[in-house]
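Asker: Contents of model-v6.tsv (TSV, C-alpha atoms) are below:
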chain	number	residue	atom	x	y	z
J	1306	MET	CA	13.18	12.31	153.56
J	1307	PHE	CA	16.45	12.13	155.40
J	1308	LYS	CA	18.26	11.56	152.15
J	1309	ARG	CA	16.67	14.58	150.56
J	1310	HIS	CA	17.73	16.85	153.43
J	1311	LYS	CA	21.23	15.43	153.18
J	1312	SER	CA	21.43	16.19	149.43
J	1313	LEU	CA	20.18	19.74	149.99
J	1314	ALA	CA	22.78	20.32	152.66
J	1315	SER	CA	25.57	19.08	150.44
J	1316	GLU	CA	24.43	21.36	147.62
J	1317	ARG	CA	24.45	24.36	149.97
J	1318	LYS	CA	27.97	23.48	151.11
J	1319	ARG	CA	29.12	23.29	147.52
J	1320	GLU	CA	27.50	26.66	146.74
J	1321	ILE	CA	29.09	28.31	149.78
J	1322	PHE	CA	32.49	26.77	148.92
J	1323	SER	CA	32.28	27.95	145.32
J	1324	ARG	CA	31.36	31.48	146.44
J	1325	GLY	CA	34.35	31.54	148.83
J	1326	VAL	CA	36.69	30.38	146.11
J	1327	THR	CA	35.46	33.03	143.68
J	1328	ARG	CA	35.81	35.72	146.36
J	1329	SER	CA	39.34	34.67	147.18
J	1330	MET	CA	40.21	34.61	143.47
J	1331	LEU	CA	38.81	38.11	143.05
J	1332	LYS	CA	40.84	39.32	146.03
J	1333	ASN	CA	43.99	37.77	144.55
J	1334	ASP	CA	43.29	39.34	141.17
J	1335	LEU	CA	42.78	42.74	142.78
J	1336	ARG	CA	46.04	42.35	144.69
J	1337	ASN	CA	47.91	41.36	141.53
J	1338	PHE	CA	46.44	44.26	139.58
J	1339	HIS	CA	47.36	46.69	142.37
J	1340	CYS	CA	50.96	45.44	142.46
J	1341	LEU	CA	51.24	45.64	138.68
J	1342	SER	CA	49.89	49.20	138.61
J	1343	GLN	CA	52.34	50.27	141.32
J	1344	LEU	CA	55.20	48.74	139.33
J	1345	VAL	CA	54.15	50.57	136.17
J	1346	LEU	CA	53.82	53.90	137.98
J	1347	SER	CA	57.24	53.55	139.62
J	1348	ALA	CA	58.86	52.77	136.25
J	1349	GLY	CA	57.84	56.17	134.84
J	1350	PRO	CA	56.44	57.04	131.42
J	1351	LEU	CA	57.10	54.68	128.60
J	1352	LYS	CA	59.92	55.77	126.28
J	1353	SER	CA	59.34	55.62	122.59
J	1354	ALA	CA	61.85	53.70	120.53
J	1355	PRO	CA	64.56	55.93	119.01
J	1356	VAL	CA	63.97	56.86	115.44
J	1357	VAL	CA	66.93	56.13	113.22
J	1358	LYS	CA	67.69	59.16	111.08
J	1359	HIS	CA	69.29	58.60	107.75
J	1360	SER	CA	71.33	61.77	107.11
J	1361	LYS	CA	71.90	62.64	103.53
J	1362	THR	CA	75.45	63.97	102.93
J	1363	ALA	CA	75.45	66.77	100.40
J	1364	HIS	CA	78.07	66.57	97.69
J	1365	PHE	CA	79.47	69.43	95.66
J	1366	GLU	CA	80.76	69.57	92.13
J	1367	ILE	CA	83.84	71.76	91.66
J	1368	GLU	CA	84.36	73.18	88.19
J	1369	ILE	CA	87.93	74.41	87.72
J	1370	LEU	CA	88.57	76.95	84.96
J	1371	ASP	CA	91.78	78.52	83.68
J	1372	ALA	CA	92.05	82.03	85.15
J	1373	GLN	CA	93.38	83.49	81.88
J	1374	THR	CA	91.37	81.73	79.17
J	1375	ARG	CA	88.32	80.72	81.24
J	1376	LYS	CA	88.46	77.30	79.62
J	1377	GLN	CA	87.41	74.33	81.69
J	1378	ILE	CA	90.36	72.26	82.92
J	1379	CYS	CA	88.51	69.58	84.86
J	1380	ILE	CA	85.57	68.86	87.17
J	1381	VAL	CA	86.11	67.52	90.67
J	1382	ASP	CA	82.97	65.70	91.78
J	1383	LYS	CA	81.76	64.03	94.98
J	1384	VAL	CA	83.24	66.69	97.23
J	1385	VAL	CA	81.70	66.58	100.73
J	1386	GLN	CA	80.80	69.63	102.81
J	1387	THR	CA	83.72	69.28	105.20
J	1388	SER	CA	86.32	69.11	102.43
J	1389	THR	CA	88.85	71.92	102.31
J	1390	ILE	CA	90.65	73.70	99.49
J	1391	HIS	CA	93.63	71.47	100.25
J	1392	ASP	CA	91.48	68.40	99.58
J	1393	VAL	CA	90.33	69.90	96.29
J	1394	LYS	CA	93.95	70.53	95.30
J	1395	GLN	CA	94.79	66.91	96.05
J	1396	LYS	CA	91.96	65.68	93.79
J	1397	PHE	CA	92.91	68.21	91.14
J	1398	HIS	CA	96.47	66.85	91.22
J	1399	LYS	CA	95.12	63.33	90.62
J	1400	ALA	CA	93.19	64.57	87.61
J	1401	CYS	CA	96.10	66.71	86.31
J	1402	PRO	CA	99.35	65.19	87.67
J	1403	LYS	CA	101.60	67.87	86.14
J	1404	TRP	CA	100.37	70.41	88.74
J	1405	TYR	CA	101.21	69.30	92.27
J	1406	PRO	CA	99.13	70.82	95.12
J	1407	SER	CA	101.62	73.47	96.28
J	1408	ARG	CA	101.74	74.87	92.74
J	1409	VAL	CA	97.96	75.24	92.44
J	1410	GLY	CA	96.36	78.60	93.20
J	1411	LEU	CA	92.53	78.66	93.37
J	1412	GLN	CA	90.34	81.78	93.32
J	1413	LEU	CA	86.61	82.38	93.59
J	1414	GLU	CA	86.86	85.07	90.94
J	1415	ARG	CA	89.49	86.19	88.48
J	1416	GLY	CA	91.98	88.57	90.06
J	1417	GLY	CA	90.73	87.80	93.56
J	1418	PRO	CA	92.79	86.53	96.48
J	1419	PHE	CA	93.97	82.94	96.50
J	1420	LEU	CA	91.94	80.70	98.80
J	1421	LYS	CA	93.73	79.37	101.86
J	1422	ASP	CA	94.12	75.61	102.19
J	1423	TYR	CA	92.08	75.44	105.42
J	1424	ILE	CA	88.93	77.06	103.95
J	1425	THR	CA	86.03	74.60	103.66
J	1426	ILE	CA	83.97	74.19	100.51
J	1427	GLN	CA	80.74	74.65	102.47
J	1428	SER	CA	81.81	78.18	103.51
J	1429	ILE	CA	82.25	79.38	99.92
J	1430	ALA	CA	79.54	77.38	98.12
J	1431	ALA	CA	76.40	79.21	96.99
J	1432	SER	CA	74.99	76.09	95.28
J	1433	SER	CA	75.91	72.49	94.63
J	1434	ILE	CA	78.15	73.58	91.73
J	1435	VAL	CA	81.19	75.70	92.67
J	1436	THR	CA	83.35	77.40	90.05
J	1437	LEU	CA	87.01	78.07	90.91
J	1438	TYR	CA	89.72	79.71	88.81
J	1439	PHE	CA	93.13	78.07	88.56
J	1440	THR	CA	96.49	79.85	88.41
J	1441	ASP	CA	99.84	78.13	88.11
J	1442	LEU	CA	101.99	79.54	90.95
J	1443	GLY	CA	105.20	78.21	89.42
J	1444	GLN	CA	108.03	76.34	91.10
J	1445	GLN	CA	107.44	76.23	94.86
J	1446	VAL	CA	109.63	75.58	97.92
J	1447	SER	CA	108.68	75.12	101.57
J	1448	TRP	CA	109.15	77.94	104.06
J	1449	THR	CA	111.48	75.79	106.15
J	1450	THR	CA	113.77	75.37	103.15
J	1451	VAL	CA	113.73	79.14	102.58
J	1452	PHE	CA	114.73	79.95	106.17
J	1453	LEU	CA	117.41	77.28	106.38
J	1454	ALA	CA	118.96	78.43	103.11
J	1455	GLU	CA	118.85	82.12	104.07
J	1456	TYR	CA	120.53	81.52	107.45
J	1457	THR	CA	123.01	78.76	106.60
J	1458	GLY	CA	124.62	80.82	103.83
J	1459	PRO	CA	125.66	83.81	106.00
J	1460	LEU	CA	127.07	81.50	108.66
J	1461	LEU	CA	129.37	79.69	106.22
J	1462	ILE	CA	130.25	82.76	104.13
J	1463	TYR	CA	131.39	84.76	107.15
J	1464	LEU	CA	133.59	81.88	108.33
J	1465	LEU	CA	135.25	81.70	104.90
J	1466	PHE	CA	136.26	85.37	105.13
J	1467	TYR	CA	137.27	85.00	108.77
J	1468	LEU	CA	139.63	82.13	107.89
J	1469	ARG	CA	141.10	84.35	105.14
J	1470	ILE	CA	141.12	81.67	102.50
J	1471	PRO	CA	143.33	82.32	99.43
J	1472	TYR	CA	142.11	84.48	96.51
J	1473	ILE	CA	140.17	86.78	98.90
J	1474	TYR	CA	142.98	88.75	100.57
J	1475	ASP	CA	146.67	89.14	99.86
J	1476	MET	CA	148.37	86.30	101.74
J	1477	LYS	CA	151.52	88.22	102.54
J	1478	GLU	CA	149.60	91.16	103.96
J	1479	SER	CA	147.32	88.85	105.91
J	1480	SER	CA	150.24	87.06	107.54
J	1481	ARG	CA	151.99	90.32	108.53
J	1482	ARG	CA	149.12	92.21	110.10
J	1483	PHE	CA	147.89	91.45	113.61
J	1484	ARG	CA	144.14	90.94	114.07
J	1485	HIS	CA	142.41	93.18	116.55
J	1486	PRO	CA	140.36	91.31	119.23
J	1487	VAL	CA	137.15	92.89	117.89
J	1488	VAL	CA	137.56	90.83	114.71
J	1489	HIS	CA	137.36	87.59	116.69
J	1490	LEU	CA	134.51	88.94	118.81
J	1491	ALA	CA	132.58	90.00	115.72
J	1492	CYS	CA	132.93	86.52	114.24
J	1493	PHE	CA	131.69	84.97	117.48
J	1494	CYS	CA	128.64	87.30	117.66
J	1495	HIS	CA	127.80	86.80	113.98
J	1496	CYS	CA	127.93	83.01	114.33
J	1497	ILE	CA	125.83	83.10	117.52
J	1498	HIS	CA	123.18	85.14	115.72
J	1499	TYR	CA	122.73	82.79	112.77
J	1500	ILE	CA	123.13	79.58	114.79
J	1501	ARG	CA	120.26	80.83	116.97
J	1502	TYR	CA	118.23	81.46	113.82
J	1503	LEU	CA	118.83	77.94	112.55
J	1504	LEU	CA	118.02	76.24	115.86
J	1505	GLU	CA	114.84	78.27	116.32
J	1506	THR	CA	113.73	77.43	112.79
J	1507	LEU	CA	114.14	73.72	113.49
J	1508	PHE	CA	112.92	73.48	117.10
J	1509	VAL	CA	111.04	76.65	118.15
J	1510	HIS	CA	109.18	78.37	115.32
J	1511	LYS	CA	105.87	76.95	114.09
J	1512	VAL	CA	106.79	77.29	110.44
J	1513	SER	CA	103.83	77.31	108.06
J	1514	ALA	CA	103.32	74.10	106.11
J	1515	GLY	CA	102.70	76.22	103.01
J	1516	HIS	CA	105.01	77.00	100.15
J	1517	THR	CA	106.39	80.09	98.46
J	1518	PRO	CA	107.59	80.70	94.90
J	1519	LEU	CA	111.21	79.84	94.16
J	1520	LYS	CA	111.93	83.46	93.28
J	1521	ASN	CA	111.38	84.45	96.93
J	1522	LEU	CA	114.09	82.00	97.97
J	1523	ILE	CA	116.45	83.49	95.39
J	1524	LYS	CA	115.68	87.06	96.53
J	1525	GLY	CA	116.16	86.22	100.21
J	1526	CYS	CA	119.42	84.35	99.65
J	1527	THR	CA	120.75	87.15	97.42
J	1528	PHE	CA	120.03	89.75	100.10
J	1529	TYR	CA	121.43	87.85	103.10
J	1530	TRP	CA	124.37	86.21	101.33
J	1531	GLY	CA	125.34	89.37	99.46
J	1532	PHE	CA	125.34	91.61	102.53
J	1533	THR	CA	127.18	88.98	104.59
J	1534	SER	CA	129.93	88.84	101.98
J	1535	TRP	CA	130.24	92.63	102.01
J	1536	ILE	CA	130.23	92.83	105.81
J	1537	ALA	CA	132.67	89.95	106.31
J	1538	TYR	CA	135.07	91.32	103.69
J	1539	TYR	CA	135.43	94.63	105.53
J	1540	ILE	CA	135.60	93.32	109.09
J	1541	ASN	CA	138.15	90.56	108.29
J	1542	HIS	CA	140.26	92.68	105.96
J	1543	PRO	CA	143.93	92.97	106.95
J	1544	GLN	CA	143.65	96.78	106.88
J	1545	TYR	CA	140.55	96.90	109.11
J	1546	THR	CA	140.72	99.68	111.71
J	1547	PRO	CA	139.21	99.06	115.16
J	1548	PRO	CA	136.46	101.29	116.66
J	1549	SER	CA	137.29	104.86	117.61
J	1550	PHE	CA	136.65	104.53	121.37
J	1551	GLY	CA	138.57	101.30	121.75
J	1552	ASN	CA	137.73	98.49	124.13
J	1553	ARG	CA	135.04	100.40	126.01
J	1554	GLN	CA	132.98	100.81	122.85
J	1555	VAL	CA	133.50	97.17	121.92
J	1556	THR	CA	132.67	95.81	125.39
J	1557	VAL	CA	129.46	97.81	125.91
J	1558	SER	CA	128.11	97.06	122.46
J	1559	ALA	CA	129.02	93.33	122.75
J	1560	ILE	CA	127.16	93.04	126.08
J	1561	ASN	CA	124.12	94.81	124.62
J	1562	PHE	CA	124.28	92.49	121.59
J	1563	LEU	CA	124.15	89.38	123.79
J	1564	ILE	CA	121.27	90.83	125.84
J	1565	CYS	CA	119.25	91.50	122.69
J	1566	GLU	CA	119.99	88.00	121.37
J	1567	ALA	CA	118.78	86.44	124.62
J	1568	GLY	CA	115.67	88.63	124.63
J	1569	ASN	CA	114.87	87.74	121.03
J	1570	HIS	CA	115.12	84.04	121.83
J	1571	PHE	CA	112.81	84.20	124.86
J	1572	ILE	CA	110.25	86.24	122.93
J	1573	ASN	CA	110.25	83.69	120.10
J	1574	VAL	CA	109.71	80.89	122.63
J	1575	ILE	CA	106.62	82.69	123.96
J	1576	LEU	CA	105.27	83.37	120.47
J	1577	ALA	CA	105.66	79.68	119.58
J	1578	HIS	CA	103.39	78.63	122.47
J	1579	PRO	CA	100.11	76.99	121.29
J	1580	ASN	CA	98.05	79.71	123.01
J	1581	HIS	CA	99.59	82.36	120.75
J	1582	THR	CA	99.26	80.56	117.41
J	1583	GLY	CA	96.29	79.63	115.24
J	1584	ILE	CA	92.81	81.08	114.85
J	1585	ASN	CA	91.93	81.13	118.58
J	1586	ALA	CA	95.23	82.71	119.63
J	1587	CYS	CA	95.40	85.13	122.54
J	1588	PHE	CA	97.75	88.11	122.86
J	1589	PRO	CA	101.16	87.11	124.31
J	1590	SER	CA	101.63	88.26	127.88
J	1591	PRO	CA	104.89	88.73	129.80
J	1592	ASN	CA	105.88	86.32	132.54
J	1593	CYS	CA	108.47	86.23	135.32
J	1594	ASN	CA	111.28	86.34	132.74
J	1595	PRO	CA	112.53	89.98	132.59
J	1596	PHE	CA	113.25	89.68	128.87
J	1597	THR	CA	109.52	89.26	128.22
J	1598	TRP	CA	108.59	92.51	129.98
J	1599	MET	CA	109.10	94.29	126.66
J	1600	PHE	CA	105.52	93.18	125.91
J	1601	PHE	CA	104.39	95.95	128.30
J	1602	LEU	CA	105.74	98.56	125.86
J	1603	VAL	CA	105.51	97.13	122.34
J	1604	SER	CA	103.43	94.54	120.54
J	1605	CYS	CA	106.33	93.08	118.50
J	1606	PRO	CA	109.32	92.89	120.88
J	1607	ASN	CA	111.06	90.27	118.74
J	1608	TYR	CA	111.68	92.96	116.11
J	1609	THR	CA	112.80	95.37	118.83
J	1610	TYR	CA	115.45	92.95	120.06
J	1611	GLU	CA	116.48	92.10	116.49
J	1612	ILE	CA	117.14	95.74	115.61
J	1613	GLY	CA	118.92	96.17	118.94
J	1614	SER	CA	121.27	93.32	118.04
J	1615	TRP	CA	122.22	94.83	114.69
J	1616	ILE	CA	122.65	98.35	116.09
J	1617	SER	CA	124.99	96.90	118.72
J	1618	PHE	CA	126.90	94.98	116.05
J	1619	THR	CA	127.21	98.17	114.00
J	1620	ILE	CA	128.66	100.11	116.95
J	1621	MET	CA	130.96	97.24	117.89
J	1622	THR	CA	132.50	96.87	114.42
J	1623	GLN	CA	132.08	100.49	113.24
J	1624	THR	CA	131.80	99.57	109.56
J	1625	LEU	CA	129.67	101.10	106.80
J	1626	PRO	CA	128.28	97.83	105.33
J	1627	VAL	CA	126.88	96.77	108.74
J	1628	GLY	CA	125.26	100.20	109.14
J	1629	ILE	CA	123.56	100.00	105.74
J	1630	PHE	CA	122.35	96.46	106.45
J	1631	THR	CA	120.98	97.57	109.84
J	1632	LEU	CA	119.15	100.49	108.22
J	1633	LEU	CA	117.49	98.30	105.58
J	1634	MET	CA	116.53	95.67	108.18
J	1635	SER	CA	115.05	98.38	110.40
J	1636	ILE	CA	112.87	99.68	107.56
J	1637	GLN	CA	111.65	96.20	106.65
J	1638	MET	CA	110.97	95.15	110.25
J	1639	SER	CA	109.12	98.37	111.00
J	1640	LEU	CA	106.76	97.57	108.11
J	1641	TRP	CA	106.24	94.03	109.42
J	1642	ALA	CA	105.70	95.33	112.96
J	1643	GLN	CA	103.11	97.92	111.87
J	1644	LYS	CA	101.24	95.27	109.89
J	1645	LYS	CA	101.15	92.91	112.88
J	1646	HIS	CA	100.23	95.78	115.19
J	1647	LYS	CA	97.14	96.55	113.10
J	1648	ILE	CA	96.09	92.89	113.25
J	1649	TYR	CA	96.57	92.89	117.03
J	1650	LEU	CA	94.50	96.07	117.33
J	1651	LYS	CA	91.56	94.38	115.60
J	1652	LYS	CA	91.76	91.19	117.67
J	1653	PHE	CA	93.09	92.40	121.04
J	1654	ASN	CA	92.28	96.11	121.20
J	1655	SER	CA	92.14	96.18	125.02
J	1656	TYR	CA	95.69	94.83	125.24
J	1657	VAL	CA	97.42	96.71	122.44
J	1658	HIS	CA	95.85	100.17	122.16
J	1659	ARG	CA	98.42	101.77	124.50
J	1660	LYS	CA	101.44	99.98	123.07
J	1661	SER	CA	103.77	100.91	120.22
J	1662	ALA	CA	104.48	98.54	117.35
J	1663	MET	CA	108.28	98.14	117.64
J	1664	ILE	CA	110.04	101.11	119.26
J	1665	PRO	CA	108.61	102.15	122.67
J	1666	PHE	CA	106.73	105.49	122.59
J	1667	ILE	CA	107.93	106.21	119.02
J	1668	LEU	CA	106.89	103.60	116.46
Could you express the structure from this file as structure tokens?

Answerer:
Amino acid sequence: MFKRHKSLASERKREIFSRGVTRSMLKNDLRNFHCLSQLVLSAGPLKSAPVVKHSKTAHFEIEILDAQTRKQICIVDKVVQTSTIHDVKQKFHKACPKWYPSRVGLQLERGGPFLKDYITIQSIAASSIVTLYFTDLGQQVSWTTVFLAEYTGPLLIYLLFYLRIPYIYDMKESSRRFRHPVVHLACFCHCIHYIRYLLETLFVHKVSAGHTPLKNLIKGCTFYWGFTSWIAYYINHPQYTPPSFGNRQVTVSAINFLICEAGNHFINVILAHPNHTGINACFPSPNCNPFTWMFFLVSCPNYTYEIGSWISFTIMTQTLPVGIFTLLMSIQMSLWAQKKHKIYLKKFNSYVHRKSAMIPFIL
């Protein structure tokens, strides 16, 4: 009897102990679940794994035809969207080595304008096959070569006449006659003008990387070299007569010449600034330099100063060849100025609409 009660008591103890253990385990599980849920909520929403996109690059096929005969010359394939006309010319040169890129002119249609090198294929493509017309532009030279040749010639030619080398003037007459001071001053001003041109071409101007036909180089050199020879022959001639109003006329015109040369240089420095070149260029604005204040009156002050230099040189030397050269340069620069002024009016109307192109209040 005693044993039976003892076994019943031990069974109850075991039952109570097992119930306590299960309760404590449930409490621990609830605590763990609560902590885990808090951790998940604090971590925020689950982020889906990034989907890897496989972009398909579109390729174009460029068919190049002869602009005159419309016969197919070659096909340039595997041209990507970001390729430019310059890239197409490079591939065309590989296919047809006898035509180097600067000699290749490409058009969308016969008789149309030649496409610029920076134009992308994507901007002109209507489908995956693009047809372009080829024109041989002939022998080409870089713009830097053109400018250096045009400006180096006058500098050397004038010095040859100034030194009065044999076979140009009569040596006996040259040795007898005394040179007027204006002859030396004219040589100095002429050299300053073209030395400035050469230095600005090399270190200031952002010369285009493009090319121009060889005939343009020949025309430019013929014009500048021919007029320089004519001008230098008269000014350095032993029978040259000085200006009518003497030293006063020479001094005033020489000072004005140097002022215009300085103004032209400072304007060219401003125009060469990165903010005033390229597609996103802004209209040049004057600064604390007084020579740049000409921008308040005209949109092309570099031409204004250039004409001022040659008018001063004409008055200083008082010779007919210089006057004719100044007149022709004025006509040409007025055309360039009006063309630039129209472009400025389209892009910067609020800045330019009250300005003249080259001559304040006149032109």

Asker: Show me a table, sorted first by chain and then by increasing residue number, of the residues of segment 1492-1557 of chain J having an atom at most 9 Å from segment 1423-1443 of chain J, each with its shortest atom pair and the distance in Å to one decimal, counting all atoms listed in the file and written as a tab-separated table.

Answerer:
residue	atom	partner	partner_atom	distance
J:Thr1517	CA	J:Leu1442	CA	8.7
J:Pro1518	CA	J:Gly1443	CA	6.5
J:Leu1519	CA	J:Gly1443	CA	7.8

Asker: Identify the residues around (134.7, 93.4, 102.9) within a radius of 12 Å, measuring from all atoms listed in the file in the coordinates stated by the file, and give them as a list in words.

Answerer: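 In the file's frame, the residues around the point are Ile1462, Tyr1463, Leu1465, Phe1466, Tyr1467, Arg1469, Ile1473, Tyr1474, Gly1531, Phe1532, Thr1533, Ser1534, Trp1535, Ile1536, Ala1537, Tyr1538, Tyr1539, Ile1540, Asn1541, His1542, Pro1543, Gln1544, Tyr1545, Thr1624, Leu1625, Pro1626 and Val1627 of chain J.
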
Asker: Grab the atom CA of Ile1564 of chain J to atom CA of Val1512 of chain J distance for me, in Å with one decimal place.

Answerer: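 Atom CA of Val1512 of chain J lies 25.1 Å from atom CA of Ile1564 of chain J.
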
Asker: What separation in Å, quoted to one decimal, exists between atom CA of Thr1619 of chain J and atom CA of Phe1571 of chain J?

Answerer: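 If I compute the distance from atom CA of Thr1619 of chain J to atom CA of Phe1571 of chain J, I get 22.8 Å.
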
Asker: I'd like the interatomic distance between atom CA of Lys1660 of chain J and atom CA of Val1603 of chain J, to a tenth of an Å.

Answerer: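 According to the coordinates, atom CA of Lys1660 of chain J and atom CA of Val1603 of chain J are separated by 5.0 Å.
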
Asker: Pick from J:Pro1486, J:Pro1595, J:Gly1515, J:Gly1568: nearest to Met1621 of chain J, with all atoms listed in the file counted?

Answerer: J:Pro1486
